[in-house]
Amino acid sequence: MKGVYDEARHLLYELGMSGIVMEEKYHIGHEEFEQRAAALTEKARELNLNGIVILGSSAAPENLTYVSNYCLIGADMAPYAGGFGSCGWYGAFVVSTNGDAPTLILDRNYWIDIARKVSWIEDIRSGNDIWEVVGQVMQEKNITGKYGLVADGFAVNHYRTFEQHVPKKARAVVFDEYIRDLRMIKSPAEIKIMQHSIDIQTDSYLACIDMIQDGVEEWQIAEAIRYQLRKRGATSAPSLCVLSGPNSEVSLAAPQAKHRVIRNGDMMLVTVFSYYQNYTTGIDRPFVCGPASDKQKRLADIELNGLRKALNMLEPGLRIKDMYKPVYYDYIVPELDRQGFTNYKIQGIMGHATGLSLSEIPILSPKDDTVLKPGMVLHVEPGIYLTGQSMGLRTAEMVLITQDGYEVLTKEMPVRSGSLA
């Protein structure tokens with residue numbers, strides 16, 4: 001580990017002394033954000049709404065980011081995303097349906113200059129009471145009747161304060177589903193950003209797997225991967241799990257990496273989710289420290305074959321709920337029983353979409369009626385966990401649904417490494 005920390009110090013020294021600013025390789029042009037706003041506004045017109053108000057918080061900034069390209073401060077500051085005293089940091093996007101330009105409103109005036117550098121929106125305002133400013137802007141834009149409201153993940157106390165400032169005759173209509181529909185289908189620019197994020201994760205993971213040796217602690221592996229991610233351009237890593245031995249029996253754990261010493265023979269689950277240009281992607285890979293046992297290899301084969309069955313079903317028009325039975329109950333569960341595995345648990349969902357949020361809709365569950373469409377990006381991850389046996393694993397592939405099937409975005413990431421390969 002000493003070499004990793006020395007390299008980090010040297011890199012920080014070089015960046016600090018040279019004044020280097022790392023340029024982003026991929027970005028989304030302002031025209032695309034204008035198109036998003038225009039599509040939402042057109043939908044609001046169809047519904048006879050006066051306008052749209054999209055509220056964002058540092059705990060749930062995604063919808064505001066989607067239309068403005070400004071991500072509220074605190075979004076990558078867990079556990080401070082909710083802000084000090086659970087008040088958070090807030091913003092709002094307001095546009096009418098009469099053809100005027102939108103307004104972006106922030107709750108701190110010293111963030112306006114930063115927002116102007118990244119956002120396509122020209123009218124950016126702030127005020128000591130952000131909700132009073134939102135109400136004033138709604139009045140200016142004559143949003144005094146029905147309007148579309150997006151307020152995913154919003155704190156109830158702040159929503160009530162917001163309600164007190166809107167024009168008296170204004171009536172909110174839930175508009176969340178329309179922005180969700182847009183976000184589900186990724187544009188070519190979004191896919192390029194997400195592919196680059198995956199490449200960063202792949203290189204970071206492969207740079208660290210040789211460190212997984214007898215005597216190393218979980219947190220050391222996690223921090224080595226985190227360093228490699230940041231070095232390669234990732235902005236943050238909100239979920240970075242290294243779970244070994246008995247810790248691998250659960251799909252996710254808190255803390256995500258402990259001081260547990262990894263020993264030869266330990267099965268491990270490594271999960272990496274990180275952000276690049278406001279978008280998050282993820283990888284899940286199983287690993288065995290040292291030689292893998294016959295039982296571990298057999299379990300890994302069942303799990304990998306289950307993943308392949310799930311992938312082979314993917315195509316436009318498939319209902320997500322129709323994936324669950326063929327993968328879990330027609331193959332994984334019978335195969336576990338046939339090979340004598342006991343006390344096992346299968347994952348409650350088979351994955352989820354990913355984008356501005358770590359987990360987005362659709363959710364790959366037996367209750368989701370969503371039909372797959374080209375442009376969706378999915379994190380497909382059937383998992384198996386053996387209770388009391390120090391064994392659990394999950395392999396995830398990120399895939400893009402195409403016109404005639406799917407494309408694996410994590411294709412450069414080996415599905416098996418070390419003694420499981």
# chains A, B, ... in the order shown; residues from 1 in each chain; ligands from 1

$ select_by_dssp --residues "range 50-159 of chain A" --states "strand (DSSP E)" --output "ChimeraX atom specification"
/A:51-57,90-96,103-106,123-126,146-150

$ write_last_selection --atoms "C-alpha atoms" --output "JSON list (two decimals), in the first residue's frame"
[["chain", "number", "residue", "atom", "x", "y", "z"],
["A", 51, "GLY", "CA", -45.56, 25.77, -16.87],
["A", 52, "ILE", "CA", -43.15, 23.41, -15.14],
["A", 53, "VAL", "CA", -41.33, 23.65, -11.81],
["A", 54, "ILE", "CA", -38.52, 21.17, -11.13],
["A", 55, "LEU", "CA", -37.22, 21.20, -7.57],
["A", 56, "GLY", "CA", -33.82, 19.77, -6.68],
["A", 57, "SER", "CA", -31.90, 19.18, -3.48],
["A", 90, "TYR", "CA", -31.67, 23.54, -2.96],
["A", 91, "GLY", "CA", -32.39, 24.73, -6.47],
["A", 92, "ALA", "CA", -35.29, 25.07, -8.89],
["A", 93, "PHE", "CA", -35.94, 25.19, -12.63],
["A", 94, "VAL", "CA", -38.97, 27.22, -13.71],
["A", 95, "VAL", "CA", -40.32, 27.56, -17.25],
["A", 96, "SER", "CA", -43.70, 28.58, -18.63],
["A", 103, "THR", "CA", -34.99, 30.37, -14.99],
["A", 104, "LEU", "CA", -32.57, 28.55, -12.70],
["A", 105, "ILE", "CA", -32.81, 29.49, -9.02],
["A", 106, "LEU", "CA", -30.18, 28.63, -6.39],
["A", 123, "ASP", "CA", -31.48, 33.72, -16.25],
["A", 124, "ILE", "CA", -29.93, 32.45, -13.00],
["A", 125, "ARG", "CA", -31.07, 33.93, -9.68],
["A", 126, "SER", "CA", -30.73, 33.40, -5.95],
["A", 146, "LYS", "CA", -52.14, 24.29, -13.27],
["A", 147, "TYR", "CA", -48.42, 23.58, -13.57],
["A", 148, "GLY", "CA", -46.29, 20.45, -13.74],
["A", 149, "LEU", "CA", -44.27, 19.79, -10.59],
["A", 150, "VAL", "CA", -41.24, 17.50, -10.26]]

$ residues_around --residues "Ala253 in chain A" --least-positions-apart "3" --cutoff "8 Å" --atoms "only C-alpha atoms" --output "VMD selection string"
chain A and resid 241 243 247 250 256 to 257

$ closest_residue --among "A:Ser244, A:Asn157, A:Asn278, A:Thr97" --to "Ser68 in chain A" --atoms "only C-alpha atoms"
A:Asn278

$ closest_residue --among "A:Ala60, A:Val261, A:Ala421, A:Ala115" --to "Gly215 in chain A" --atoms "only C-alpha atoms"
A:Val261

$ residues_around --residues "range 393-405 of chain A" --least-positions-apart "6" --cutoff "7 Å" --atoms "only C-alpha atoms" --output "CSV table (one decimal) with C-alpha atoms, in the first residue's frame"
chain,number,residue,atom,x,y,z
A,248,SER,CA,-19.8,-11.6,1.1
A,269,LEU,CA,-17.5,-9.4,-3.8
A,283,ILE,CA,-19.3,-3.0,-11.9
A,284,ASP,CA,-19.7,-6.0,-9.7
A,285,ARG,CA,-17.1,-8.8,-9.7
A,286,PRO,CA,-16.5,-11.8,-7.5
A,304,LEU,CA,-22.4,-16.6,-14.4
A,314,LEU,CA,-32.6,-8.7,-23.7
A,315,GLU,CA,-34.2,-7.1,-26.7
A,316,PRO,CA,-36.6,-4.2,-27.4
A,373,LYS,CA,-36.6,0.2,-25.5
A,374,PRO,CA,-33.5,1.1,-27.5
A,375,GLY,CA,-31.3,3.6,-25.5
A,376,MET,CA,-31.9,2.2,-22.1
A,377,VAL,CA,-28.8,1.4,-20.1
A,378,LEU,CA,-29.1,-1.4,-17.6
A,379,HIS,CA,-27.0,-2.8,-14.8
A,380,VAL,CA,-27.8,-6.6,-15.0
A,381,GLU,CA,-26.8,-8.5,-11.8
A,382,PRO,CA,-28.4,-11.7,-10.7
A,383,GLY,CA,-26.8,-12.7,-7.4
A,384,ILE,CA,-26.5,-15.7,-5.1
A,385,TYR,CA,-25.6,-15.6,-1.3
A,415,VAL,CA,-16.1,-11.5,-15.8

$ atom_distance --atom1 "CA of Arg183 in chain A" --atom2 "CA of Thr202 in chain A"
24.8 Å

$ closest_residue --among "A:Val288, A:Ala59, A:Val408, A:Leu364" --to "Asp152 in chain A" --atoms "only C-alpha atoms"
A:Ala59

$ atom_distance --atom1 "CA of His30 in chain A" --atom2 "CA of Val118 in chain A"
8.9 Å

$ residues_around --residues "Asn109 in chain A" --least-positions-apart "2" --cutoff "7 Å" --atoms "only C-alpha atoms" --output "ChimeraX atom specification"
/A:107,111-112,126-127

$ atom_distance --atom1 "CA of Phe175 in chain A" --atom2 "CA of Trp89 in chain A"
22.0 Å

$ residues_around --residues "Pro246 in chain A" --least-positions-apart "4" --cutoff "8 Å" --atoms "only C-alpha atoms" --output "list of chain:residue names"
A:Gly388, A:Gln389, A:Ser390, A:Met391

$ write_last_selection --atoms "C-alpha atoms" --output "JSON list (two decimals), in the first residue's frame"
[["chain", "number", "residue", "atom", "x", "y", "z"],
["A", 388, "GLY", "CA", -23.46, -19.14, 7.14],
["A", 389, "GLN", "CA", -21.03, -20.42, 4.50],
["A", 390, "SER", "CA", -18.92, -17.30, 3.84],
["A", 391, "MET", "CA", -19.89, -17.38, 0.20]]

$ closest_residue --among "A:Gln164, A:Ser365, A:Asp301, A:Arg308" --to "Glu335 in chain A" --atoms "only C-alpha atoms"
A:Asp301

$ select_by_dssp --residues "range 58-233 of chain A" --states "alpha helix (DSSP H)" --output "PyMOL selection string"
chain A and resi 62-68+112-118+130-140+156-165+176-184+188-208+218-231

$ closest_residue --among "A:Lys169, A:Arg230, A:Lys321, A:His27" --to "Ser274 in chain A" --atoms "only C-alpha atoms"
A:Arg230

$ closest_residue --among "A:Met268, A:Ile346, A:Ala234, A:Leu358" --to "His196 in chain A" --atoms "only C-alpha atoms"
A:Ala234
